[in-house]
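Engineer: Quick one: structure below, then a few questions.
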Amino acid sequence: MAKTYEEINAKIRSGDVVVVTAEEMVGIVADLGPAEAAQKIDVVTTGTFGPMCSSGAVINVGHTTPRMKITQAWINDVRVECGLAAVDMYIGATAVAEGDPLNREHPGLFSYGGAHVIHDLVAGHDVRLRAAAYGTDCYPRKELDSWLNIRDLNEAYMLNPRNSYQNYNVAVNQFSDRDIYTYMGVVKKDLGSANYCSAGQLSPLLNDPYQRTIGIGTRIFIGGAQGFVYWQGTQHDPTGERTDGGVPKGGAATLGTIGDLKQMDPRYVVGVSFLGYGVSLALGIGTAIPILDEEMAAFTGVSDADIVAPVTDYSRNYGLNEGAPLRRVSYAELKSGSIELEGRTVPTTPLSSYVRAREIAGELKSWVQSGKFLLTEPVQAFPGPSDSPGFKMFNNRPVEEEGCE
Amino acid sequence: MSEMAESRIVLHFPKKLLDQPVISTAIQRYHLSFNILRANITQDQEGLMVLGLEGEPQSIEAAVEWMREQGVRVRPLDKDVTRDDARCTHCGACVVVCPTGALALDLDSREVIFDAEQCVACGICVPVCPPRAMSIHF
């Protein structure tokens with residue numbers, strides 16, 4: 001018998017709700033089957049904690065005296081975007097501090113960037129804001145150099161164009177004669193490592209492969225706070241190949257997310273530096289999936305053995321958009337510590353913390369159990385496999401003469 | 001014969017000792033065997049060596065004491081690479097670059113275990129760690 005969101009929320013309010021993590025659900029569905037599991041379990045919580053580059057934060061610093069229409073600004077020497085109203089800014093997670101040698105001395109360290117600024121704000125640390133303006137009649141001030149603390153900001157919220165990729169590549173280095181430095185970490189030469197980045201069976205979108213219960217308006221765990229999905233993420237593409245269980249065999253759905261920085265926990269909002277690559281934000285995201293019926297129980301019962309990812313060469317093929325995956329491997333194989341590739345045993349290394357993914361799913365479970373976190377029916381569904389435009393590569397039209405349409 | 005022991009130590013040689021056969025003298029004098037785990041000259045022209053010594057415990061102790069008398073700074077290895085557990089997120093990015101398996105993923109708990117005993121203080125993990133939880137002190 002199917003359950004509704006209202007019925008599940010009523011159980012959350014009365015304290016009668018039965019919640020398990022997606023990891024616990026694997027065994028429950030295997031033992032009881034999806035029909036019985038759907039009757040017993042009301043909510044399954046998921047979690048993931050990994051680098052999510054397409055993240056950032058909107059802040060409003062309040063008006064200065066005299067007023068200033070800030071046109072250029074740096075926080076702890078990281079350039080922030082000011083192409084908005086006078087004192088609104090966007091801190092992009094991957095912006096690197098000015099003066100960083102980048103990859104001039106390869107591999108560069110990229111020790112501090114926008115993600116670290118966001119972490120410092122969440123942690124309550126003072127940061128230094130420097131700003132410049134050209135000055136107008138209504139905004140006469142031209143310069144500013146001041147300490148800034150999150151408690152003094154009007155608004156500070158994360159606004160992330162793309163988080164929580166549903167599945168991802170496994171990176172290998174097939175062709176280079178040296179180790180390569182990527183956003184998937186250091187990938188060892190001669191197929192010396194296979195680097196993967198997903199929480200697998202605990203990951204939010206892998207537990208709801210067609211996004212039946214997640215869409216615009218869905219309440220989520222983000223960075224230790226309650227936030228929302230505001231749109232499908234950029235590059236959202238549910239049109240690719242799927243397993244018999246409906247799980248995409250490569251990167252597919254994504255989430256656009258929003259959440260109040262002032263409510264977040266620095267433990268789940270961590271600036272990270274990838275040697276030779278750049279800065280990213282390691283972010284914790286979790287969802288609470290309503291077990292509306294047998295189908296949702298079956299989906300959330302997905303295990304690491306049921307999820308496969310494409311092993312992709314990052315020394316040439318990824319960069320040049322060439323070649324095909326070497327093979328697909330399951331997360332169960334990846335998590336065993338090594339995989340078989342081209343007749344060789346290749347050690348695996350994760351980039352996404354399963355320990356913290358577990359922690360997030362557990363934390364969210366306790367929020368639902370204690371009535372702190374209610375479920376939301378999507379205001380609108382994401383484009384699905386049949387109505388999504390899919391994913392386009394860049395349409396390169398080199399400019400030679402006056403020839404635009 | 002008494003029990004054999006193994007000890008891993010970090011040696012700093014001041015510039016003036018760089019051309020002296022300190023180690024070969026020490027191991028002959030105290031009947032030890034040794035294994036060079038790492039050796040280089042630092043920017044300030046100091047010599048740095050990570051050494052595994054094997055022999056009777058009191059001989060190792062005496063050899064270390066003798067090297068100190070010659071002007072070598074000697075410290076146990078396990079103090080040299082440390083992990084800030086508050087920063088480590090247990091992502092696993094370090095596991096693949098660690099040449100000795102001192103950083104390894106526990107397949108059940110999924111935590112990255114740091115075994116200082118196996119660490120040879122090569123320092124490769126320090127810049128590779130995304131939240132920069134590892135540091136090296138020589």
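For the structure tokens, the naming scheme is as follows: chains receive sequential letters (A, B, ...) according to their order of presentation, residues are indexed from 1 within each chain, and ligands are indexed from 1 in presentation order.
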Give the residues of chain B that lie within 12 Å of chain A; count only C-alpha atoms, and format the answer as a PyMOL selection string.
Structural biologist: chain B and resi 86-99+101+103-112+124-133
Engineer: Just want the 8 Å neighbourhood of Leu51 in chain B, counted on only C-alpha atoms, with same-chain residues fewer than 6 positions away dropped. Output as a VMD selection string.
Structural biologist: chain B and resid 8 to 11 34 to 38
Engineer: Record the distance separating CA of Met296 in chain A and CA of Val17 in chain A, expressed in Å with one decimal.
Structural biologist: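 Interatomic distance here is 16.3 Å.
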Engineer: Find the spatial neighbours of Leu17 in chain B, counting only C-alpha atoms, within a cut-off of 12 Å - ignore same-chain residues fewer than 2 positions away - and output them as a count of residues only.
Structural biologist: 21
Engineer: Skipping near chain neighbours, those fewer than 3 positions away, what residues fall within 7 Å of Asn60 in chain A using only C-alpha atoms, listed as a list of chain:residue names?
Structural biologist: A:Val87, A:Asp88, A:Met89, A:Leu153, A:Asn154, A:Glu155, A:Ala156
Engineer: Need the shell around Asp177 in chain A: protein/DNA/RNA residues with any atom at most 10 Å away, counting only C-alpha atoms. Skip same-chain ones fewer than 6 positions apart. Format as a list in words?
Structural biologist: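 Residues meeting the cut-off are Lys188, Lys189, Asp190 and Ser315 of chain A.
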Engineer: Please save N, CA, C and O atoms of the selected residues as a CSV table (one decimal), in the first residue's frame.
Structural biologist:
chain,number,residue,atom,x,y,z
A,188,LYS,N,48.2,7.9,-10.8
A,188,LYS,CA,49.5,7.4,-11.0
A,188,LYS,C,49.7,6.9,-12.5
A,188,LYS,O,48.8,6.3,-13.0
A,189,LYS,N,50.9,7.0,-13.0
A,189,LYS,CA,51.2,6.6,-14.3
A,189,LYS,C,51.1,5.1,-14.5
A,189,LYS,O,51.1,4.4,-13.5
A,190,ASP,N,51.1,4.6,-15.7
A,190,ASP,CA,51.0,3.2,-16.1
A,190,ASP,C,49.9,2.5,-15.3
A,190,ASP,O,50.1,1.4,-14.7
A,315,SER,N,44.7,11.1,-18.7
A,315,SER,CA,46.0,11.6,-19.2
A,315,SER,C,45.8,12.1,-20.7
A,315,SER,O,46.6,12.9,-21.1
Engineer: Pick out each residue of range 3-131 of chain B that DSSP on the backbone tags as alpha helix (DSSP H); I need them as a VMD selection string.
Structural biologist: chain B and resid 22 to 29 57 to 69 125 to 128
Engineer: One decimal, Å: what's the distance from CA of Ile360 in chain A over to CA of His119 in chain A, could you say?
Structural biologist: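 For CA of Ile360 in chain A relative to CA of His119 in chain A, the distance reads 17.6 Å.
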Engineer: What separation in Å, quoted to one decimal, exists between CA of Gly217 in chain A and CA of Phe382 in chain A?
Structural biologist: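 Rounded to one decimal, the two atoms are 10.8 Å apart.
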